[in-house]
$ cat input22.txt   # compact mmCIF, C-alpha atoms
# COMPACT_ATOMS: atom_id res chain seq x y z
CA MET A 1 39.00 -35.16 -1.26
CA GLU A 2 38.82 -32.00 -3.35
CA PRO A 3 37.20 -29.09 -1.48
CA GLN A 4 33.58 -28.63 -2.50
CA CYS A 5 34.04 -24.94 -3.28
CA LYS A 6 36.58 -25.87 -5.98
CA ARG A 7 34.25 -28.34 -7.65
CA ARG A 8 32.99 -27.26 -11.07
CA LYS A 9 29.42 -27.89 -12.18
CA THR A 10 28.82 -29.60 -15.50
CA GLU A 11 26.56 -28.05 -18.14
CA GLY A 12 23.86 -30.64 -17.49
CA GLU A 13 23.78 -30.15 -13.73
CA VAL A 14 20.84 -28.12 -12.45
CA MET A 15 21.45 -25.55 -9.72
CA ALA A 16 19.13 -25.48 -6.74
CA TRP A 17 18.43 -21.76 -7.19
CA ALA A 18 17.16 -19.46 -9.91
CA ILE A 19 17.98 -15.86 -10.79
CA LEU A 20 14.86 -13.73 -11.18
CA PRO A 21 14.64 -10.03 -12.02
CA VAL A 22 13.17 -7.53 -9.56
CA LEU A 23 10.89 -5.51 -11.83
CA SER A 24 9.05 -2.24 -11.30
CA ASP A 25 5.55 -2.21 -9.83
CA GLU A 26 4.16 -1.41 -13.28
CA GLN A 27 5.81 -4.54 -14.67
CA SER A 28 4.98 -6.88 -11.80
CA GLN A 29 1.52 -5.84 -10.59
CA ASP A 30 -1.73 -7.48 -11.59
CA ILE A 31 -3.61 -5.79 -14.39
CA ASP A 32 -6.39 -3.36 -13.53
CA LEU A 33 -9.70 -3.88 -15.32
CA LEU A 34 -12.41 -1.54 -16.58
CA GLU A 35 -16.02 -2.44 -17.30
CA ALA A 36 -17.23 -1.88 -20.82
CA TYR A 37 -20.22 -2.67 -22.97
CA ALA A 38 -19.59 -5.01 -25.87
CA VAL A 39 -21.97 -6.00 -28.64
CA PRO A 40 -22.16 -8.87 -31.10
CA ILE A 41 -21.57 -7.97 -34.74
CA LEU A 42 -24.26 -9.91 -36.54
CA ASP A 43 -23.16 -8.91 -40.02
CA LYS A 44 -19.37 -8.71 -40.32
CA ARG A 45 -19.72 -6.72 -43.55
CA GLU A 46 -20.80 -3.80 -41.36
CA THR A 47 -17.69 -3.99 -39.16
CA SER A 48 -15.62 -1.20 -40.74
CA ARG A 49 -18.52 1.24 -40.72
CA LEU A 50 -19.47 0.45 -37.15
CA VAL A 51 -15.89 0.82 -35.87
CA LYS A 52 -15.55 4.20 -37.57
CA GLU A 53 -18.87 5.58 -36.31
CA LEU A 54 -18.51 4.27 -32.76
CA SER A 55 -14.91 5.45 -32.48
CA ALA A 56 -16.06 8.96 -33.26
CA ILE A 57 -18.64 8.87 -30.46
CA TYR A 58 -16.88 6.66 -27.90
CA PRO A 59 -13.15 6.95 -28.74
CA LEU A 60 -11.81 4.83 -25.81
CA GLN A 61 -9.38 7.58 -24.83
CA GLY A 62 -6.13 6.36 -23.27
CA LEU A 63 -6.88 2.79 -24.30
CA ASN A 64 -4.91 2.55 -27.53
CA HIS A 65 -3.78 -0.93 -26.51
CA ILE A 66 -7.35 -2.26 -26.71
CA LYS A 67 -8.42 -3.92 -29.94
CA ARG A 68 -11.92 -2.74 -30.64
CA VAL A 69 -13.05 -5.97 -32.29
CA ARG A 70 -12.45 -9.58 -31.30
CA ALA A 71 -13.47 -12.96 -32.60
CA CYS A 72 -16.32 -14.46 -30.65
CA LYS A 73 -15.01 -16.85 -27.99
CA ASP A 74 -18.04 -19.10 -28.28
CA LYS A 75 -17.39 -21.22 -31.36
CA GLU A 76 -21.06 -22.21 -31.42
CA SER A 77 -22.21 -18.60 -31.55
CA PRO A 78 -24.11 -17.54 -34.71
CA HIS A 79 -22.21 -14.22 -34.81
CA PRO A 80 -18.48 -14.32 -35.65
CA LEU A 81 -17.33 -11.03 -34.09
CA GLU A 82 -17.81 -8.85 -31.00
CA MET A 83 -16.78 -5.26 -30.46
CA ILE A 84 -16.40 -2.71 -27.67
CA LEU A 85 -19.30 -0.30 -27.80
CA CYS A 86 -18.28 2.04 -24.96
CA LEU A 87 -16.89 2.12 -21.45
CA ALA A 88 -19.44 1.75 -18.66
CA ARG A 89 -18.24 5.05 -17.23
CA ASP A 90 -19.02 6.81 -20.52
CA ILE A 91 -22.74 6.39 -20.05
CA GLY A 92 -22.89 7.74 -16.48
CA HIS A 93 -22.59 6.01 -13.13
CA SER A 94 -26.35 5.88 -12.60
CA ARG A 95 -26.80 3.49 -15.50
CA LYS A 96 -23.66 1.43 -14.95
CA ASN A 97 -24.10 -2.34 -14.59
CA GLN A 98 -27.69 -2.14 -15.76
CA GLU A 99 -29.06 -4.29 -18.53
CA LEU A 100 -29.26 -1.68 -21.26
CA SER A 101 -30.49 -2.22 -24.77
CA ILE A 102 -28.53 -1.11 -27.82
CA SER A 103 -31.09 1.60 -28.46
CA ALA A 104 -30.69 2.94 -24.92
CA LEU A 105 -26.90 3.01 -25.22
CA LEU A 106 -27.08 4.80 -28.55
CA SER A 107 -30.08 7.01 -27.76
CA ASN A 108 -28.05 10.21 -28.09
CA ALA A 109 -25.87 9.03 -30.93
CA THR A 110 -26.25 9.17 -34.67
CA VAL A 111 -25.15 5.60 -35.30
CA ASP A 112 -26.90 3.17 -37.55
CA SER A 113 -27.13 0.10 -35.29
CA ARG A 114 -27.95 -2.31 -38.08
CA GLY A 115 -25.82 -5.43 -37.72
CA LEU A 116 -25.45 -5.14 -33.94
CA GLY A 117 -26.90 -7.49 -31.34
CA GLU A 118 -27.79 -6.78 -27.73
CA PRO A 119 -24.98 -5.43 -25.49
CA PHE A 120 -23.35 -7.22 -22.58
CA ILE A 121 -20.76 -6.18 -19.98
CA VAL A 122 -17.12 -7.26 -20.29
CA LYS A 123 -13.92 -6.32 -18.47
CA ILE A 124 -10.97 -4.93 -20.38
CA PRO A 125 -7.36 -4.13 -19.31
CA ALA A 126 -6.99 -0.53 -18.14
CA CYS A 127 -3.29 -0.30 -19.07
CA PRO A 128 -1.12 -1.89 -21.75
CA PRO A 129 0.67 -5.06 -20.60
CA LEU A 130 4.42 -4.67 -20.08
CA THR A 131 5.37 -8.30 -19.53
CA ARG A 132 4.24 -11.59 -21.00
CA PRO A 133 2.50 -12.72 -17.78
CA GLN A 134 0.51 -9.46 -17.81
CA PHE A 135 -0.27 -9.94 -21.50
CA GLU A 136 -1.52 -13.49 -20.94
CA LYS A 137 -3.79 -12.34 -18.09
CA ALA A 138 -5.06 -9.37 -20.09
CA SER A 139 -5.81 -11.52 -23.14
CA ARG A 140 -8.12 -13.71 -21.10
CA HIS A 141 -10.44 -10.70 -20.80
CA TRP A 142 -10.03 -8.88 -24.12
CA PRO A 143 -7.43 -8.78 -26.92
CA THR A 144 -4.71 -6.15 -26.46
CA SER A 145 -1.60 -5.07 -28.31
CA PHE A 146 1.69 -6.04 -26.69
CA HIS A 147 5.20 -4.78 -27.42
CA GLU A 148 7.28 -7.47 -25.79
CA ASP A 149 10.66 -6.90 -24.17
CA LYS A 150 12.10 -10.32 -24.90
CA GLN A 151 14.94 -9.90 -22.43
CA VAL A 152 12.41 -9.41 -19.62
CA THR A 153 10.51 -12.50 -20.76
CA VAL A 154 13.68 -14.58 -20.77
CA ALA A 155 14.66 -13.21 -17.34
CA LEU A 156 11.25 -14.03 -15.85
CA ASN A 157 11.70 -17.60 -17.07
CA GLY A 158 15.03 -17.75 -15.24
CA GLU A 159 16.89 -18.24 -18.53
CA LEU A 160 18.74 -14.95 -18.93
CA PHE A 161 22.10 -16.34 -17.80
CA THR A 162 23.98 -19.38 -19.07
CA ALA A 163 25.10 -22.27 -16.89
CA ALA A 164 28.68 -21.01 -17.10
CA GLN A 165 27.61 -17.54 -15.98
CA LYS A 166 25.63 -18.99 -13.09
CA THR A 167 28.64 -21.00 -11.99
CA LYS A 168 30.72 -17.82 -11.90
CA MET A 169 27.96 -15.98 -10.03
CA GLU A 170 27.83 -18.77 -7.47
CA THR A 171 31.56 -18.35 -6.92
CA TYR A 172 31.10 -14.64 -6.23
CA MET A 173 28.21 -15.26 -3.84
CA LYS A 174 30.20 -17.95 -2.01
CA LEU A 175 32.85 -15.31 -1.42
CA ALA A 176 30.20 -12.94 -0.02
CA ILE A 177 28.79 -15.72 2.20
CA THR A 178 32.25 -16.52 3.55
CA ALA A 179 32.88 -12.83 4.29
CA ALA A 180 29.51 -12.68 6.09
CA LYS A 181 30.47 -15.63 8.29
CA ILE A 182 33.84 -14.11 9.16
CA GLY A 183 32.17 -10.78 9.96
CA GLN A 184 29.64 -12.47 12.21
CA GLY A 185 32.47 -14.19 14.02
CA GLU A 186 33.80 -10.70 14.79
CA GLY A 187 30.48 -9.57 16.26
CA MET A 188 28.90 -8.08 13.12
CA GLU A 189 25.67 -8.75 11.24
CA ALA A 190 26.02 -11.85 9.05
CA VAL A 191 25.94 -9.98 5.72
CA GLY A 192 28.62 -10.11 3.05
CA ALA A 193 29.11 -8.38 -0.29
CA VAL A 194 31.39 -8.51 -3.34
CA VAL A 195 31.91 -5.98 -6.14
CA VAL A 196 32.91 -7.43 -9.53
CA ASP A 197 33.99 -6.05 -12.88
CA PRO A 198 31.86 -8.30 -15.15
CA GLU A 199 33.74 -7.48 -18.35
CA GLU A 200 37.04 -8.69 -16.97
CA GLU A 201 35.45 -11.19 -14.54
CA ARG A 202 37.54 -9.61 -11.81
CA VAL A 203 36.73 -9.20 -8.13
CA LEU A 204 37.34 -5.60 -7.03
CA ALA A 205 36.27 -5.66 -3.37
CA VAL A 206 35.04 -8.04 -0.68
CA GLY A 207 33.39 -6.77 2.49
CA HIS A 208 31.12 -7.65 5.35
CA ASP A 209 28.93 -5.73 7.76
CA CYS A 210 30.97 -3.48 10.08
CA ARG A 211 28.15 -1.51 11.73
CA ASN A 212 29.17 -2.60 15.24
CA SER A 213 32.48 -0.84 14.72
CA PRO A 214 32.92 2.87 15.56
CA HIS A 215 30.99 3.60 12.35
CA PRO A 216 27.37 2.30 12.66
CA LEU A 217 26.54 3.16 9.03
CA LEU A 218 29.07 0.70 7.63
CA HIS A 219 26.69 -1.91 6.27
CA ALA A 220 28.26 -4.53 3.98
CA VAL A 221 27.27 -2.64 0.82
CA MET A 222 28.66 0.64 2.14
CA VAL A 223 31.91 -1.12 3.06
CA CYS A 224 32.27 -2.58 -0.45
CA ILE A 225 31.66 0.78 -2.13
CA ASP A 226 34.26 2.38 0.12
CA LEU A 227 36.74 -0.41 -0.65
CA VAL A 228 36.26 0.15 -4.39
CA ALA A 229 36.95 3.83 -3.76
CA HIS A 230 40.15 2.83 -1.93
CA GLY A 231 41.18 0.93 -5.04
CA GLN A 232 40.74 4.12 -7.02
CA GLY A 233 42.87 6.19 -4.67
CA GLY A 234 40.06 7.36 -2.39
CA GLY A 235 38.13 5.73 0.42
CA ALA A 236 37.15 7.04 3.83
CA TYR A 237 37.65 4.29 6.41
CA SER A 238 40.33 1.83 7.45
CA TYR A 239 39.60 -1.90 7.58
CA ASP A 240 42.99 -3.04 8.83
CA LYS A 241 41.50 -5.14 11.64
CA TYR A 242 38.94 -6.83 9.39
CA THR A 243 40.84 -9.47 7.44
CA ALA A 244 37.89 -10.37 5.18
CA CYS A 245 37.37 -6.75 4.07
CA CYS A 246 39.72 -6.21 1.17
CA PHE A 247 40.06 -4.89 -2.34
CA PHE A 248 42.09 -6.14 -5.26
CA LYS A 249 44.66 -4.33 -7.32
CA VAL A 250 45.54 -5.07 -10.93
CA ASP A 251 49.07 -4.37 -12.02
CA ASN A 252 50.26 -3.88 -15.59
CA SER A 253 50.50 -7.64 -16.14
CA LYS A 254 46.81 -7.99 -15.22
CA ASP A 255 47.60 -10.22 -12.24
CA GLN A 256 45.30 -9.99 -9.26
CA ALA A 257 46.65 -9.37 -5.78
CA LYS A 258 44.80 -9.13 -2.49
CA SER A 259 45.16 -6.22 -0.10
CA SER A 260 43.71 -6.58 3.38
CA CYS A 261 45.34 -3.37 4.59
CA LEU A 262 45.39 0.11 3.15
CA PRO A 263 48.76 1.76 3.86
CA SER A 264 49.20 3.49 0.52
CA LYS A 265 46.52 4.59 -1.92
CA ASP A 266 48.63 5.03 -5.03
CA MET A 267 50.28 1.61 -4.96
CA TYR A 268 46.98 -0.10 -5.82
CA ILE A 269 46.26 1.90 -8.98
CA SER A 270 47.75 0.62 -12.22
CA GLU A 271 49.62 2.98 -14.52
CA GLN A 272 47.05 2.21 -17.21
CA SER A 273 44.22 3.38 -14.93
CA LYS A 274 46.06 6.61 -14.15
CA GLU A 275 46.47 7.38 -17.84
CA SER A 276 42.99 6.48 -19.04
CA GLY A 277 41.08 7.79 -16.03
CA LEU A 278 39.01 5.77 -13.59
CA PRO A 279 35.24 5.27 -13.76
CA TYR A 280 33.00 6.95 -11.22
CA ILE A 281 33.37 4.50 -8.32
CA CYS A 282 31.17 1.55 -9.42
CA THR A 283 30.31 2.46 -13.01
CA GLY A 284 29.79 -0.75 -15.00
CA TYR A 285 30.32 -2.99 -11.97
CA ASP A 286 28.14 -5.70 -10.37
CA LEU A 287 27.39 -6.17 -6.67
CA TYR A 288 26.72 -9.54 -5.05
CA VAL A 289 25.26 -9.29 -1.55
CA THR A 290 23.82 -12.01 0.66
CA ARG A 291 20.85 -9.93 1.87
CA GLU A 292 18.68 -7.34 0.13
CA PRO A 293 20.07 -3.83 0.76
CA CYS A 294 18.27 -1.25 2.90
CA VAL A 295 17.27 2.24 1.70
CA MET A 296 20.59 3.80 2.69
CA CYS A 297 22.60 1.17 0.83
CA ALA A 298 20.27 1.27 -2.18
CA MET A 299 20.73 5.03 -2.50
CA ALA A 300 24.49 4.62 -2.11
CA LEU A 301 24.38 2.19 -5.04
CA VAL A 302 22.48 4.79 -7.08
CA HIS A 303 25.10 7.45 -6.34
CA SER A 304 28.00 5.06 -7.00
CA ARG A 305 26.55 4.19 -10.44
CA ILE A 306 26.41 0.42 -9.94
CA GLN A 307 25.32 -1.53 -13.04
CA ARG A 308 23.64 -4.62 -11.56
CA VAL A 309 22.84 -5.95 -8.09
CA PHE A 310 22.41 -9.63 -7.25
CA TYR A 311 21.14 -10.55 -3.79
CA GLY A 312 20.48 -13.88 -2.17
CA THR A 313 17.58 -13.37 0.22
CA ALA A 314 15.00 -10.66 0.84
CA SER A 315 14.89 -8.39 3.88
CA LEU A 316 11.81 -7.04 5.66
CA ASP A 317 13.02 -3.48 5.15
CA GLY A 318 14.63 -4.22 1.80
CA ALA A 319 14.71 -1.35 -0.69
CA LEU A 320 15.27 -3.37 -3.87
CA GLY A 321 12.03 -5.30 -4.10
CA THR A 322 10.48 -5.99 -0.69
CA LYS A 323 9.50 -2.67 0.87
CA TYR A 324 10.70 -0.31 -1.85
CA LYS A 325 12.08 -0.52 -5.37
CA ILE A 326 14.61 2.28 -5.37
CA HIS A 327 16.21 1.03 -8.58
CA THR A 328 13.00 1.62 -10.57
CA GLN A 329 12.30 5.20 -9.45
CA LYS A 330 12.00 7.27 -12.61
CA ASP A 331 12.92 10.56 -10.97
CA LEU A 332 16.41 9.34 -10.00
CA ASN A 333 19.31 10.18 -12.29
CA HIS A 334 20.62 6.61 -12.35
CA ARG A 335 18.90 3.23 -12.44
CA PHE A 336 20.31 -0.27 -12.35
CA GLU A 337 19.14 -3.85 -12.79
CA VAL A 338 18.38 -6.03 -9.78
CA PHE A 339 18.20 -9.82 -9.58
CA LYS A 340 17.38 -12.04 -6.61
CA GLY A 341 17.66 -15.67 -5.62
CA ILE A 342 21.36 -16.54 -6.04
CA MET A 343 22.16 -19.26 -3.48
CA GLU A 344 19.02 -18.19 -1.66
CA GLN A 345 18.88 -21.03 0.85
CA ASP A 346 22.51 -20.53 1.85
CA CYS A 347 21.85 -16.82 2.36
CA VAL A 348 18.71 -17.53 4.37
CA LYS A 349 20.77 -19.77 6.65
CA LEU A 350 23.07 -16.83 7.40
CA THR A 351 20.12 -14.88 8.80
CA THR A 352 18.84 -17.89 10.77
CA LEU A 353 22.22 -18.72 12.22
CA HIS A 354 22.84 -15.08 13.06
CA GLN A 355 19.66 -15.05 15.12
CA LEU A 356 21.06 -18.08 16.98
CA ASN A 357 24.34 -16.16 17.33
CA HIS A 358 26.26 -19.01 15.74
CA VAL A 359 27.62 -18.95 12.20
CA PRO A 360 30.32 -21.62 11.82
CA VAL A 361 33.18 -20.59 9.54
CA ASP A 362 36.27 -22.40 8.36
CA SER A 363 39.25 -20.05 8.42
CA LEU A 364 40.35 -21.57 5.10
CA ASP A 365 37.03 -20.86 3.35
CA MET A 366 38.05 -17.44 2.05
CA ASP A 367 41.33 -18.68 0.55
CA LEU A 368 39.63 -21.71 -1.00
CA VAL A 369 37.01 -19.57 -2.71
CA LEU A 370 39.60 -17.06 -3.90
CA GLU A 371 41.57 -19.85 -5.54
CA THR A 372 38.64 -20.51 -7.87
CA LEU A 373 38.54 -16.93 -9.19
$ encode --input "input22.txt" --output "structure tokens"
Amino acid sequence: MEPQCKRRKTEGEVMAWAILPVLSDEQSQDIDLLEAYAVPILDKRETSRLVKELSAIYPLQGLNHIKRVRACKDKESPHPLEMILCLARDIGHSRKNQELSISALLSNATVDSRGLGEPFIVKIPACPPLTRPQFEKASRHWPTSFHEDKQVTVALNGELFTAAQKTKMETYMKLAITAAKIGQGEGMEAVGAVVVDPEEERVLAVGHDCRNSPHPLLHAVMVCIDLVAHGQGGGAYSYDKYTACCFFKVDNSKDQAKSSCLPSKDMYISEQSKESGLPYICTGYDLYVTREPCVMCAMALVHSRIQRVFYGTASLDGALGTKYKIHTQKDLNHRFEVFKGIMEQDCVKLTTLHQLNHVPVDSLDMDLVLETL
């Protein structure tokens, strides 16, 4: 029987997991609402005049996304349009939420209220929607403008990547899972990671957690970054005794070769790389990791200039979506995309089995997965 890890999925076969983006709080939070007074427009011929006069008195500052006029939701209503008169806060807190007449609301204003009905309270979005789900929620309250990022919409629907791309991603995550199992068998946390050059579809480094070694800061992500650095002639630590921690060299013929030991730095750098110059550690690269990185690892990814991060399962102290969202911090000098959910159930099992101190691993798993690359 052909090994399962070498089996290819057909285009029509549905994977049991989805890739979803980890967005900023502004993009993922529920919309905040403000109370406002709206009024029916009884004579739509007066609409332009009323909008101009009311905008001068109650300009709705900071609410450029709000459309001042909307069609009446009640199709049986005798008036066709409704408009925002003012925010409830504009008339003073003491009168907020009271049943106020149009004359009371415009008592200090020089507005001809002909064509307006009696006011009523509505809720309007306090901020412009950034995603389609936010836009749909906002529109249930009051019409707003929306400048859609279609890539975000596609990503939220789980449709950003093709079936072929997902198959390749699954291969990378299987490699990370296998590394995690081998690491756990050596007394480490059951976490594995892989760094990939997505343009060339080439694995650059495979690592697992090594924090129970003499270096307690060597989480799987830190190990992978260091292994990439080894491939560029740098690197700080030796992984000779960890057979699953390795990086890959590319010679002039573009063939891939595995190195599980690090005796010579220069032998793993192609002549072409020497001539053209190497990127800054992980510039343009993708990371696949079985568990959401912590703050230390997330900041290391910022400093290494990673392009995208894909993780399988969340972590209670995770810094890329659960507890923090380091990758969305605007004051950092580098940001990257984050996606979650790849082979989630398989990655969750790693955590469960680690707690039971038993992660079964076939010694041939690593070689079988590598053969599919």
$ atom_distance --input "input22.txt" --atom1 "CA of Phe161 (chain A)" --atom2 "CA of Leu204 (chain A)"
21.5 Å
$ residues_around --input "input22.txt" --residues "region 138-151 of chain A" --least-positions-apart "2" --cutoff "10 Å" --atoms "all atoms listed in the file" --output "ChimeraX atom specification"
/A:30-33,63-71,83-84,122-136,153-157,159-160
$ atom_distance --input "input22.txt" --atom1 "CA of Ser315 (chain A)" --atom2 "CA of Lys340 (chain A)"
11.4 Å
$ residues_near_point --input "input22.txt" --point "(26.6, 4.4, -10.3)" --cutoff "8 Å" --atoms "only C-alpha atoms" --output "short mmCIF file (atom, residue, chain, number, x, y, z; two decimals) with C-alpha atoms, in the coordinates of the input"
data_model
loop_
_atom_site.label_atom_id
_atom_site.label_comp_id
_atom_site.auth_asym_id
_atom_site.auth_seq_id
_atom_site.Cartn_x
_atom_site.Cartn_y
_atom_site.Cartn_z
CA TYR A 280 33.00 6.95 -11.22
CA ILE A 281 33.37 4.50 -8.32
CA CYS A 282 31.17 1.55 -9.42
CA THR A 283 30.31 2.46 -13.01
CA GLY A 284 29.79 -0.75 -15.00
CA LEU A 301 24.38 2.19 -5.04
CA VAL A 302 22.48 4.79 -7.08
CA HIS A 303 25.10 7.45 -6.34
CA SER A 304 28.00 5.06 -7.00
CA ARG A 305 26.55 4.19 -10.44
CA ILE A 306 26.41 0.42 -9.94
CA GLN A 307 25.32 -1.53 -13.04
CA HIS A 334 20.62 6.61 -12.35
#
$ atom_distance --input "input22.txt" --atom1 "CA of Asp197 (chain A)" --atom2 "CA of Ala298 (chain A)"
18.9 Å
$ closest_residue --input "input22.txt" --among "A:Leu20, A:Ala164, A:Gly115, A:Val309" --to "Val195 (chain A)" --atoms "all atoms listed in the file"
A:Val309
$ residues_around --input "input22.txt" --residues "region 215-217 of chain A" --least-positions-apart "5" --cutoff "9 Å" --atoms "all atoms listed in the file" --output "ChimeraX atom specification"
/A:210,222,237,296
$ residues_around --input "input22.txt" --residues "Val111 (chain A)" --least-positions-apart "3" --cutoff "10 Å" --atoms "only C-alpha atoms" --output "list in words"
Arg49, Leu50, Lys52, Glu53, Leu54, Ala56, Ile57, Ser103, Leu106, Ser107, Asn108 and Arg114 of chain A
$ write_last_selection --input "input22.txt" --atoms "C-alpha atoms" --output "PDB file, in the coordinates of the input"
ATOM      1  CA  ARG A  49     -18.520   1.240 -40.720  1.00  0.00           C
ATOM      2  CA  LEU A  50     -19.470   0.450 -37.150  1.00  0.00           C
ATOM      3  CA  LYS A  52     -15.550   4.200 -37.570  1.00  0.00           C
ATOM      4  CA  GLU A  53     -18.870   5.580 -36.310  1.00  0.00           C
ATOM      5  CA  LEU A  54     -18.510   4.270 -32.760  1.00  0.00           C
ATOM      6  CA  ALA A  56     -16.060   8.960 -33.260  1.00  0.00           C
ATOM      7  CA  ILE A  57     -18.640   8.870 -30.460  1.00  0.00           C
ATOM      8  CA  SER A 103     -31.090   1.600 -28.460  1.00  0.00           C
ATOM      9  CA  LEU A 106     -27.080   4.800 -28.550  1.00  0.00           C
ATOM     10  CA  SER A 107     -30.080   7.010 -27.760  1.00  0.00           C
ATOM     11  CA  ASN A 108     -28.050  10.210 -28.090  1.00  0.00           C
ATOM     12  CA  ARG A 114     -27.950  -2.310 -38.080  1.00  0.00           C
TER      13      ARG A 114
END
$ residues_near_point --input "input22.txt" --point "(22.7, -19.8, -0.9)" --cutoff "10 Å" --atoms "only C-alpha atoms" --output "PyMOL selection string"
chain A and resi 16-17+170+173-174+177+290+311-313+341-350
$ residues_around --input "input22.txt" --residues "Ala176 (chain A)" --least-positions-apart "2" --cutoff "6 Å" --atoms "all atoms listed in the file" --output "PyMOL selection string"
chain A and resi 173-174+178-179+192-194
$ closest_residue --input "input22.txt" --among "A:Ala104, A:Ala236, A:Val196, A:Leu116" --to "Arg45 (chain A)" --atoms "all atoms listed in the file"
A:Leu116
$ closest_residue --input "input22.txt" --among "A:Tyr242, A:Asp112, A:Phe247, A:Val223" --to "Val51 (chain A)" --atoms "all atoms listed in the file"
A:Asp112
$ residues_around --input "input22.txt" --residues "Asp90 (chain A)" --least-positions-apart "5" --cutoff "12 Å" --atoms "all atoms listed in the file" --output "list of chain:residue names"
A:Leu34, A:Glu35, A:Ala36, A:Tyr37, A:Ile57, A:Tyr58, A:Pro59, A:Leu60, A:Gln61, A:Leu85, A:Arg95, A:Lys96, A:Leu105, A:Leu106
